[in-house]
>>> print(open('upload.cif').read())   # mmCIF, C-alpha atoms (C1' of nucleotides) and all ligand atoms
data_input
#
loop_
_atom_site.label_atom_id
_atom_site.label_comp_id
_atom_site.auth_asym_id
_atom_site.auth_seq_id
_atom_site.Cartn_x
_atom_site.Cartn_y
_atom_site.Cartn_z
CA MET A 1 -143.10 -80.63 -193.06
CA LEU A 2 -142.40 -83.14 -195.82
CA SER A 3 -139.39 -85.39 -195.43
CA ASN A 4 -136.75 -85.57 -198.10
CA SER A 5 -137.98 -89.02 -198.94
CA SER A 6 -141.52 -87.79 -199.52
CA LYS A 7 -140.33 -84.98 -201.73
CA TYR A 8 -138.25 -87.39 -203.77
CA ALA A 9 -141.15 -89.79 -204.06
CA ILE A 10 -143.44 -87.04 -205.31
CA LYS A 11 -140.90 -85.99 -207.88
CA ALA A 12 -140.55 -89.54 -209.11
CA VAL A 13 -144.28 -90.10 -209.33
CA LEU A 14 -144.85 -86.89 -211.25
CA PHE A 15 -142.04 -87.83 -213.58
CA LEU A 16 -143.73 -91.16 -214.21
CA ALA A 17 -147.05 -89.46 -214.71
CA LEU A 18 -145.58 -87.45 -217.54
CA ASN A 19 -143.30 -90.06 -219.04
CA SER A 20 -144.86 -93.47 -218.67
CA ASN A 21 -147.92 -95.61 -219.20
CA GLU A 22 -148.74 -99.31 -219.47
CA LYS A 23 -146.97 -99.45 -222.80
CA ASN A 24 -143.96 -97.37 -221.88
CA LYS A 25 -142.35 -98.34 -218.65
CA VAL A 26 -139.40 -96.51 -217.22
CA MET A 27 -136.42 -98.01 -215.41
CA VAL A 28 -135.07 -96.61 -212.16
CA LYS A 29 -131.87 -95.52 -213.77
CA ASP A 30 -133.88 -93.41 -216.21
CA ILE A 31 -135.85 -91.84 -213.40
CA SER A 32 -133.12 -91.04 -210.94
CA GLN A 33 -131.16 -88.79 -213.23
CA PRO A 34 -133.86 -86.37 -214.42
CA ILE A 35 -135.30 -85.97 -210.95
CA ASN A 36 -131.85 -85.64 -209.45
CA VAL A 37 -132.08 -88.32 -206.79
CA PRO A 38 -129.55 -91.14 -206.28
CA GLN A 39 -130.62 -94.33 -207.99
CA ALA A 40 -130.41 -96.67 -205.00
CA TYR A 41 -132.36 -94.21 -202.93
CA ILE A 42 -135.24 -93.63 -205.31
CA ALA A 43 -135.37 -97.35 -206.10
CA LYS A 44 -136.22 -98.10 -202.51
CA LEU A 45 -138.90 -95.45 -202.39
CA LEU A 46 -140.47 -96.65 -205.63
CA GLN A 47 -140.59 -100.17 -204.27
CA ALA A 48 -142.51 -98.96 -201.25
CA LEU A 49 -144.95 -97.14 -203.50
CA VAL A 50 -145.48 -100.24 -205.61
CA LYS A 51 -146.20 -102.30 -202.53
CA GLU A 52 -148.95 -99.87 -201.57
CA LYS A 53 -150.22 -99.79 -205.14
CA ILE A 54 -149.59 -96.09 -205.62
CA ILE A 55 -147.58 -96.87 -208.72
CA SER A 56 -147.14 -99.96 -210.91
CA SER A 57 -144.18 -102.00 -212.07
CA THR A 58 -143.10 -105.15 -213.83
CA ARG A 59 -139.76 -106.87 -213.64
CA GLY A 60 -137.47 -108.39 -216.17
CA PRO A 61 -136.59 -107.19 -219.65
CA LYS A 62 -138.90 -104.46 -220.90
CA GLY A 63 -139.91 -103.98 -217.29
CA GLY A 64 -139.91 -100.81 -215.26
CA PHE A 65 -142.19 -98.46 -213.41
CA TYR A 66 -145.30 -96.77 -214.74
CA LEU A 67 -148.63 -95.33 -213.77
CA ASP A 68 -151.93 -96.70 -214.93
CA GLU A 69 -155.22 -94.82 -214.93
CA ILE A 70 -155.99 -95.85 -211.36
CA ASN A 71 -152.58 -94.75 -210.14
CA LEU A 72 -153.09 -91.33 -211.72
CA ASN A 73 -156.09 -90.71 -209.55
CA HIS A 74 -154.25 -91.07 -206.27
CA SER A 75 -153.75 -87.93 -204.24
CA ILE A 76 -150.42 -86.42 -203.36
CA MET A 77 -151.25 -87.15 -199.76
CA ASN A 78 -151.33 -90.86 -200.55
CA ILE A 79 -147.71 -90.68 -201.59
CA VAL A 80 -146.74 -88.84 -198.44
CA ASN A 81 -148.62 -91.28 -196.25
CA VAL A 82 -146.78 -94.24 -197.70
CA ILE A 83 -143.38 -92.68 -197.25
CA ASP A 84 -143.70 -90.65 -194.05
CA GLY A 85 -146.61 -92.33 -192.35
CA GLU A 86 -149.99 -90.84 -191.60
CA LYS A 87 -149.42 -88.69 -188.58
CA LYS A 88 -146.40 -86.53 -189.35
CA LEU A 89 -148.43 -83.67 -190.76
CA ASN A 90 -151.17 -83.55 -188.19
CA SER A 91 -149.15 -83.11 -185.06
CA CYS A 92 -149.43 -80.09 -182.81
CA MET A 93 -147.06 -77.24 -183.57
CA MET A 94 -146.10 -77.16 -179.94
CA SER A 95 -145.88 -80.92 -179.46
CA LEU A 96 -149.04 -81.37 -177.47
CA LYS A 97 -150.18 -84.96 -177.37
CA LYS A 98 -153.14 -84.17 -179.54
CA CYS A 99 -153.99 -81.11 -181.50
CA ASN A 100 -157.59 -80.16 -181.03
CA GLU A 101 -159.98 -77.27 -181.24
CA GLU A 102 -161.35 -77.56 -177.73
CA LYS A 103 -158.10 -76.94 -175.93
CA PRO A 104 -155.82 -75.43 -178.53
CA CYS A 105 -152.22 -74.62 -177.81
CA PRO A 106 -151.19 -70.98 -178.18
CA LEU A 107 -150.11 -71.46 -181.78
CA HIS A 108 -153.11 -73.44 -182.88
CA ASN A 109 -155.48 -70.60 -183.58
CA ILE A 110 -152.82 -68.73 -185.44
CA LEU A 111 -151.48 -71.48 -187.63
CA SER A 112 -154.04 -74.22 -187.84
CA PRO A 113 -156.25 -72.77 -190.59
CA SER A 114 -153.33 -72.51 -192.98
CA ARG A 115 -152.13 -75.94 -192.10
CA SER A 116 -155.57 -77.42 -192.65
CA ASN A 117 -155.63 -75.74 -195.99
CA ILE A 118 -152.35 -77.37 -196.95
CA LEU A 119 -153.55 -80.77 -195.78
CA ASN A 120 -156.82 -80.46 -197.63
CA ASN A 121 -155.00 -79.59 -200.81
CA LEU A 122 -152.63 -82.50 -200.49
CA LYS A 123 -155.61 -84.74 -199.95
CA SER A 124 -157.75 -83.46 -202.77
CA LYS A 125 -155.20 -82.92 -205.52
CA THR A 126 -154.53 -86.02 -207.56
CA ILE A 127 -151.44 -86.82 -209.56
CA LYS A 128 -153.52 -86.13 -212.62
CA ASP A 129 -154.61 -82.73 -211.33
CA VAL A 130 -151.06 -81.74 -210.66
CA ILE A 131 -149.57 -82.72 -213.98
CA LYS A 132 -152.39 -80.94 -215.73
CA GLU A 133 -150.94 -77.70 -214.39
CA VAL A 134 -147.55 -78.68 -215.72
CA LYS A 135 -149.01 -79.34 -219.13
CA LEU A 136 -150.77 -75.99 -219.06
CA GLY A 137 -147.46 -74.29 -218.32
CA ASN A 138 -148.48 -73.08 -214.89
CA ALA A 139 -145.88 -75.19 -213.13
CA PHE A 140 -142.53 -76.59 -214.09
CA LEU A 141 -140.44 -79.69 -214.31
CA PRO A 142 -137.83 -81.17 -214.32
CA LEU A 143 -136.62 -80.86 -210.79
CA MET N 1 -142.11 -78.02 -190.38
CA LEU N 2 -140.88 -77.08 -186.92
CA SER N 3 -138.27 -79.31 -185.35
CA ASN N 4 -138.82 -80.84 -181.96
CA SER N 5 -136.22 -78.48 -180.60
CA SER N 6 -138.07 -75.43 -181.87
CA LYS N 7 -141.31 -76.62 -180.41
CA TYR N 8 -139.66 -77.20 -177.07
CA ALA N 9 -138.03 -73.80 -177.18
CA ILE N 10 -141.33 -72.09 -177.89
CA LYS N 11 -142.96 -73.92 -175.01
CA ALA N 12 -140.20 -72.85 -172.66
CA VAL N 13 -140.31 -69.23 -173.76
CA LEU N 14 -144.07 -69.03 -173.36
CA PHE N 15 -143.76 -70.59 -169.95
CA LEU N 16 -141.24 -67.94 -169.00
CA ALA N 17 -143.45 -65.23 -170.41
CA LEU N 18 -146.19 -66.26 -168.04
CA ASN N 19 -144.11 -67.14 -165.01
CA SER N 20 -141.10 -64.91 -164.86
CA ASN N 21 -139.82 -61.36 -164.88
CA GLU N 22 -136.69 -59.50 -163.78
CA LYS N 23 -137.64 -60.06 -160.16
CA ASN N 24 -138.75 -63.65 -160.46
CA LYS N 25 -136.34 -65.85 -162.30
CA VAL N 26 -137.00 -69.48 -162.98
CA MET N 27 -134.50 -72.31 -162.90
CA VAL N 28 -134.28 -74.94 -165.65
CA LYS N 29 -135.45 -77.64 -163.33
CA ASP N 30 -138.62 -75.66 -162.70
CA ILE N 31 -139.18 -75.16 -166.39
CA SER N 32 -138.52 -78.64 -167.70
CA GLN N 33 -141.20 -80.33 -165.69
CA PRO N 34 -144.25 -78.19 -166.48
CA ILE N 35 -143.43 -78.07 -170.17
CA ASN N 36 -142.63 -81.76 -170.22
CA VAL N 37 -139.17 -81.62 -171.76
CA PRO N 38 -136.06 -83.28 -170.31
CA GLN N 39 -134.00 -80.88 -168.22
CA ALA N 40 -130.65 -81.34 -169.97
CA TYR N 41 -132.32 -80.91 -173.32
CA ILE N 42 -134.24 -77.74 -172.57
CA ALA N 43 -131.21 -76.33 -170.76
CA LYS N 44 -129.20 -76.45 -173.92
CA LEU N 45 -131.93 -74.78 -175.93
CA LEU N 46 -132.37 -72.03 -173.36
CA GLN N 47 -128.66 -71.36 -173.44
CA ALA N 48 -128.81 -70.88 -177.19
CA LEU N 49 -131.71 -68.47 -176.79
CA VAL N 50 -129.82 -66.47 -174.18
CA LYS N 51 -126.82 -66.21 -176.45
CA GLU N 52 -129.02 -64.67 -179.12
CA LYS N 53 -130.70 -62.44 -176.57
CA ILE N 54 -134.16 -63.89 -177.12
CA ILE N 55 -134.42 -64.55 -173.40
CA SER N 56 -132.45 -63.40 -170.35
CA SER N 57 -130.64 -65.16 -167.54
CA THR N 58 -128.33 -64.72 -164.57
CA ARG N 59 -126.22 -67.35 -162.89
CA GLY N 60 -125.54 -68.24 -159.32
CA PRO N 61 -127.90 -68.28 -156.34
CA LYS N 62 -131.19 -66.56 -157.07
CA GLY N 63 -130.33 -66.90 -160.71
CA GLY N 64 -132.40 -68.40 -163.47
CA PHE N 65 -134.08 -67.56 -166.74
CA TYR N 66 -136.58 -64.79 -167.34
CA LEU N 67 -138.00 -62.45 -169.95
CA ASP N 68 -137.68 -58.72 -169.81
CA GLU N 69 -139.82 -56.24 -171.68
CA ILE N 70 -137.56 -56.36 -174.74
CA ASN N 71 -137.61 -60.14 -174.81
CA LEU N 72 -141.39 -60.16 -174.76
CA ASN N 73 -141.50 -58.27 -178.01
CA HIS N 74 -139.60 -60.85 -179.98
CA SER N 75 -141.55 -62.79 -182.56
CA ILE N 76 -142.10 -66.54 -182.49
CA MET N 77 -140.10 -66.69 -185.68
CA ASN N 78 -137.08 -65.33 -183.85
CA ILE N 79 -137.15 -68.35 -181.58
CA VAL N 80 -137.41 -70.74 -184.51
CA ASN N 81 -134.59 -69.03 -186.36
CA VAL N 82 -132.24 -69.42 -183.44
CA ILE N 83 -132.99 -73.09 -182.99
CA ASP N 84 -133.58 -74.36 -186.52
CA GLY N 85 -131.76 -71.78 -188.60
CA GLU N 86 -133.30 -69.37 -191.04
CA LYS N 87 -133.92 -71.46 -194.12
CA LYS N 88 -135.77 -74.57 -192.95
CA LEU N 89 -139.20 -73.11 -193.45
CA ASN N 90 -138.65 -71.53 -196.81
CA SER N 91 -137.47 -74.51 -198.81
CA CYS N 92 -139.33 -75.86 -201.79
CA MET N 93 -141.88 -78.57 -201.09
CA MET N 94 -140.36 -80.64 -203.84
CA SER N 95 -136.75 -79.94 -203.02
CA LEU N 96 -136.00 -77.57 -205.83
CA LYS N 97 -132.86 -75.58 -205.26
CA LYS N 98 -134.83 -72.42 -204.82
CA CYS N 99 -138.50 -71.88 -204.41
CA ASN N 100 -139.69 -69.04 -206.58
CA GLU N 101 -142.72 -67.63 -208.27
CA GLU N 102 -141.23 -67.41 -211.75
CA LYS N 103 -140.65 -71.10 -212.19
CA PRO N 104 -142.72 -72.75 -209.50
CA CYS N 105 -142.68 -76.49 -208.93
CA PRO N 106 -145.99 -78.30 -209.33
CA LEU N 107 -146.81 -78.00 -205.65
CA HIS N 108 -145.87 -74.37 -205.30
CA ASN N 109 -149.07 -72.79 -206.54
CA ILE N 110 -151.14 -75.13 -204.46
CA LEU N 111 -149.31 -74.86 -201.16
CA SER N 112 -147.30 -71.69 -201.16
CA PRO N 113 -150.03 -69.23 -200.17
CA SER N 114 -150.83 -71.15 -197.02
CA ARG N 115 -147.23 -71.53 -196.19
CA SER N 116 -146.61 -67.83 -196.64
CA ASN N 117 -149.47 -67.20 -194.35
CA ILE N 118 -147.93 -69.37 -191.69
CA LEU N 119 -144.57 -67.69 -192.07
CA ASN N 120 -146.06 -64.22 -191.88
CA ASN N 121 -147.87 -65.12 -188.72
CA LEU N 122 -144.79 -66.53 -187.10
CA LYS N 123 -142.97 -63.36 -188.02
CA SER N 124 -145.58 -60.90 -186.86
CA LYS N 125 -146.80 -62.51 -183.65
CA THR N 126 -144.73 -61.62 -180.63
CA ILE N 127 -144.38 -63.56 -177.42
CA LYS N 128 -146.51 -60.92 -175.82
CA ASP N 129 -149.23 -61.28 -178.46
CA VAL N 130 -149.36 -65.00 -177.96
CA ILE N 131 -149.58 -65.04 -174.19
CA LYS N 132 -152.30 -62.43 -174.37
CA GLU N 133 -154.50 -65.08 -175.98
CA VAL N 134 -153.65 -67.46 -173.19
CA LYS N 135 -154.63 -64.88 -170.60
CA LEU N 136 -157.87 -64.25 -172.44
CA GLY N 137 -158.64 -67.95 -172.31
CA ASN N 138 -158.51 -68.44 -176.05
CA ALA N 139 -155.53 -70.75 -175.87
CA PHE N 140 -154.16 -73.11 -173.28
CA LEU N 141 -151.15 -74.06 -171.28
CA PRO N 142 -149.46 -76.02 -169.78
CA LEU N 143 -148.14 -78.30 -172.43
"C1'" DA Z 1 -134.39 -124.21 -221.34
"C1'" DA Z 2 -130.93 -120.75 -220.96
"C1'" DT Z 3 -129.84 -116.08 -220.66
"C1'" DA Z 4 -130.19 -111.53 -219.56
"C1'" DA Z 5 -132.63 -107.53 -217.84
"C1'" DA Z 6 -135.32 -105.66 -214.83
"C1'" DA Z 7 -137.57 -104.96 -210.02
"C1'" DT Z 8 -137.44 -106.70 -205.08
"C1'" DA Z 9 -135.81 -107.81 -200.49
"C1'" DT Z 10 -132.68 -107.03 -197.26
"C1'" DG Z 11 -129.43 -104.95 -194.86
"C1'" DA Z 12 -125.17 -101.89 -194.20
"C1'" DT Z 13 -123.29 -97.31 -193.65
"C1'" DA Z 14 -123.38 -92.23 -193.05
"C1'" DA Z 15 -125.31 -88.03 -191.51
"C1'" DA Z 16 -128.34 -85.43 -188.83
"C1'" DA Z 17 -131.44 -84.71 -184.98
"C1'" DA Z 18 -132.58 -85.69 -180.43
"C1'" DT Z 19 -131.16 -86.71 -175.95
"C1'" DC Z 20 -128.07 -87.15 -172.01
"C1'" DA Z 21 -123.98 -86.06 -168.97
"C1'" DT Z 22 -120.59 -83.23 -166.66
"C1'" DA Z 23 -116.84 -80.13 -165.70
"C1'" DT Z 24 -116.43 -75.07 -165.63
"C1'" DT Z 25 -117.69 -70.33 -164.67
"C1'" DC Z 26 -120.14 -66.74 -162.51
"C1'" DA Z 27 -122.93 -64.38 -158.83
"C1'" DA Z 28 -125.06 -64.04 -154.23
"C1'" DG Z 29 -124.95 -64.46 -149.41
"C1'" DA Z 30 -122.71 -65.91 -145.10
"C1'" DT S 1 -113.39 -64.42 -149.10
"C1'" DC S 2 -115.46 -68.87 -148.97
"C1'" DT S 3 -119.20 -71.60 -150.09
"C1'" DT S 4 -123.01 -72.69 -152.63
"C1'" DG S 5 -126.34 -72.48 -156.33
"C1'" DA S 6 -127.17 -71.39 -160.55
"C1'" DA S 7 -126.20 -71.01 -165.79
"C1'" DT S 8 -122.63 -72.15 -169.41
"C1'" DA S 9 -119.57 -74.72 -172.43
"C1'" DT S 10 -118.55 -78.79 -174.23
"C1'" DG S 11 -119.06 -83.07 -175.77
"C1'" DA S 12 -120.87 -88.06 -175.61
"C1'" DT S 13 -124.59 -91.14 -176.71
"C1'" DT S 14 -128.77 -92.63 -178.88
"C1'" DT S 15 -132.23 -92.53 -182.30
"C1'" DT S 16 -133.94 -91.32 -186.66
"C1'" DT S 17 -133.38 -90.16 -191.35
"C1'" DA S 18 -130.84 -90.34 -195.42
"C1'" DT S 19 -127.98 -92.86 -198.37
"C1'" DC S 20 -125.58 -96.78 -200.43
"C1'" DA S 21 -124.81 -101.74 -201.78
"C1'" DT S 22 -125.99 -106.35 -203.28
"C1'" DA S 23 -127.90 -110.94 -203.57
"C1'" DT S 24 -132.48 -112.80 -205.04
"C1'" DT S 25 -136.57 -113.22 -207.83
"C1'" DT S 26 -139.30 -112.52 -211.79
"C1'" DT S 27 -140.10 -111.97 -216.82
"C1'" DA S 28 -139.14 -111.41 -221.74
"C1'" DT S 29 -136.40 -112.99 -225.38
"C1'" DT S 30 -133.45 -116.38 -227.86
S1 LIG A 201 -153.07 -77.77 -180.41
FE1 LIG A 201 -151.09 -77.09 -181.05
S2 LIG A 201 -151.30 -76.84 -183.21
FE2 LIG A 201 -153.26 -77.60 -182.58
S1 LIG A 202 -140.98 -73.99 -206.06
FE1 LIG A 202 -141.56 -75.77 -204.92
S2 LIG A 202 -142.66 -74.98 -203.23
FE2 LIG A 202 -142.02 -73.18 -204.32
#
>>> encode(input="upload.cif", output="structure tokens", more="lines below")
Ligand code: FES
Ligand code: FES
Amino acid sequence: MLSNSSKYAIKAVLFLALNSNEKNKVMVKDISQPINVPQAYIAKLLQALVKEKIISSTRGPKGGFYLDEINLNHSIMNIVNVIDGEKKLNSCMMSLKKCNEEKPCPLHNILSPSRSNILNNLKSKTIKDVIKEVKLGNAFLPL
Amino acid sequence: MLSNSSKYAIKAVLFLALNSNEKNKVMVKDISQPINVPQAYIAKLLQALVKEKIISSTRGPKGGFYLDEINLNHSIMNIVNVIDGEKKLNSCMMSLKKCNEEKPCPLHNILSPSRSNILNNLKSKTIKDVIKEVKLGNAFLPL
DNA sequence: AATAAAATATGATAAAAATCATATTCAAGA
DNA sequence: TCTTGAATATGATTTTTATCATATTTTATT
């Protein structure tokens, strides 16, 4: 469903959402440990996210990664799309060329509603929405 | 979610469900083409399914693969478990060690219900159930 | 300006998944 | 019983994903 890389990226972004802002940037080495992902690995993922403007960064002393207000309003799906590409999640469960309602494969009718639900949630929930649940104590970090 | 191999295996099993029985066995070469999977690849998967008694086979002239009445009552999940192993589908969406309700990760509450729904369907739907929908014209083959 | 501290770009290596290839074994029919 | 046609066992190759490593560029501080 989600690749390892996507999962790691989500963890990192949520960590930044809780622990950074324009004034308090966080270095890779201080991200990799709490989220339990190798530094060189998460560094590469964060760089990709910066390039697509999902997160922010500055280099040099006092530099690091952080989320600004705009970043916080990105959806979880945006993160996944940057890391895994757009089509991974939409493919047919039986590897038909295209998954559609008109000529559904035998698993489509059974599984598609739940999958759509997952996709819609990933699309609609923003970083901000998600960390709100953490702050309310309904979900937990660190990971 | 499902590996390529699992998808291929499901396709092959459904094909057999519709086109074989104890009296009419089907050879790999006559399976691989209609389901659009390379022969050597699907052969290996079918062999794994036979070993776990999800499907049946006999060798030699007039041999081939087929489903008997017992085979038809296996769930789709049984196929997936043989090919992908048991735990792939149950892992946390954010790569926590274990996914649980007591200390859910931030994505758990959002996505877990739909995922459970998918898993329950895969567990409860049998091969026979699924091809019934095909015969009724509610779902389509070939793939 | 020089230095140092950070991200960035780039690419190498390792591990896993997907795919391909073939010698061996078993079963049917001549 | 010999031959032939099928699955089976085994493993090699290729591709993708995951992981690691490092030289370069940018920025703050002295
Ligand atoms: S057609 Fe197969 S999942 Fe939609
Ligand atoms: S704890 Fe992460 S999906 Fe259940």
>>> closest_residue(input="upload.cif", among="A:Asn117, A:Asn81, A:Asn73, A:Asn109", to="ligand LIG 201 (chain A)", atoms="all atoms listed in the file")
A:Asn109
>>> atom_distance(input="upload.cif", atom1="CA of Met93 in chain N", atom2="CA of Ser75 in chain A")
15.4 Å
>>> interface_residues(input="upload.cif", of="chain S", to="chain N", cutoff="6 Å", atoms="only C-alpha atoms (C1' of nucleotides)", output="PyMOL selection string")
chain S and resi 5-7
>>> interface_residues(input="upload.cif", of="chain A", to="chain N", cutoff="8 Å", atoms="all atoms listed in the file", output="VMD selection string")
chain A and resid 1 to 2 4 7 to 8 10 to 11 93 to 96 103 to 111 114 to 115 117 to 118 121 130 to 131 133 to 134 138 to 141 143
>>> interface_residues(input="upload.cif", of="chain Z", to="chain A", cutoff="7 Å", atoms="only C-alpha atoms (C1' of nucleotides)", output="MDAnalysis selection string")
chainID Z and resid 5:7
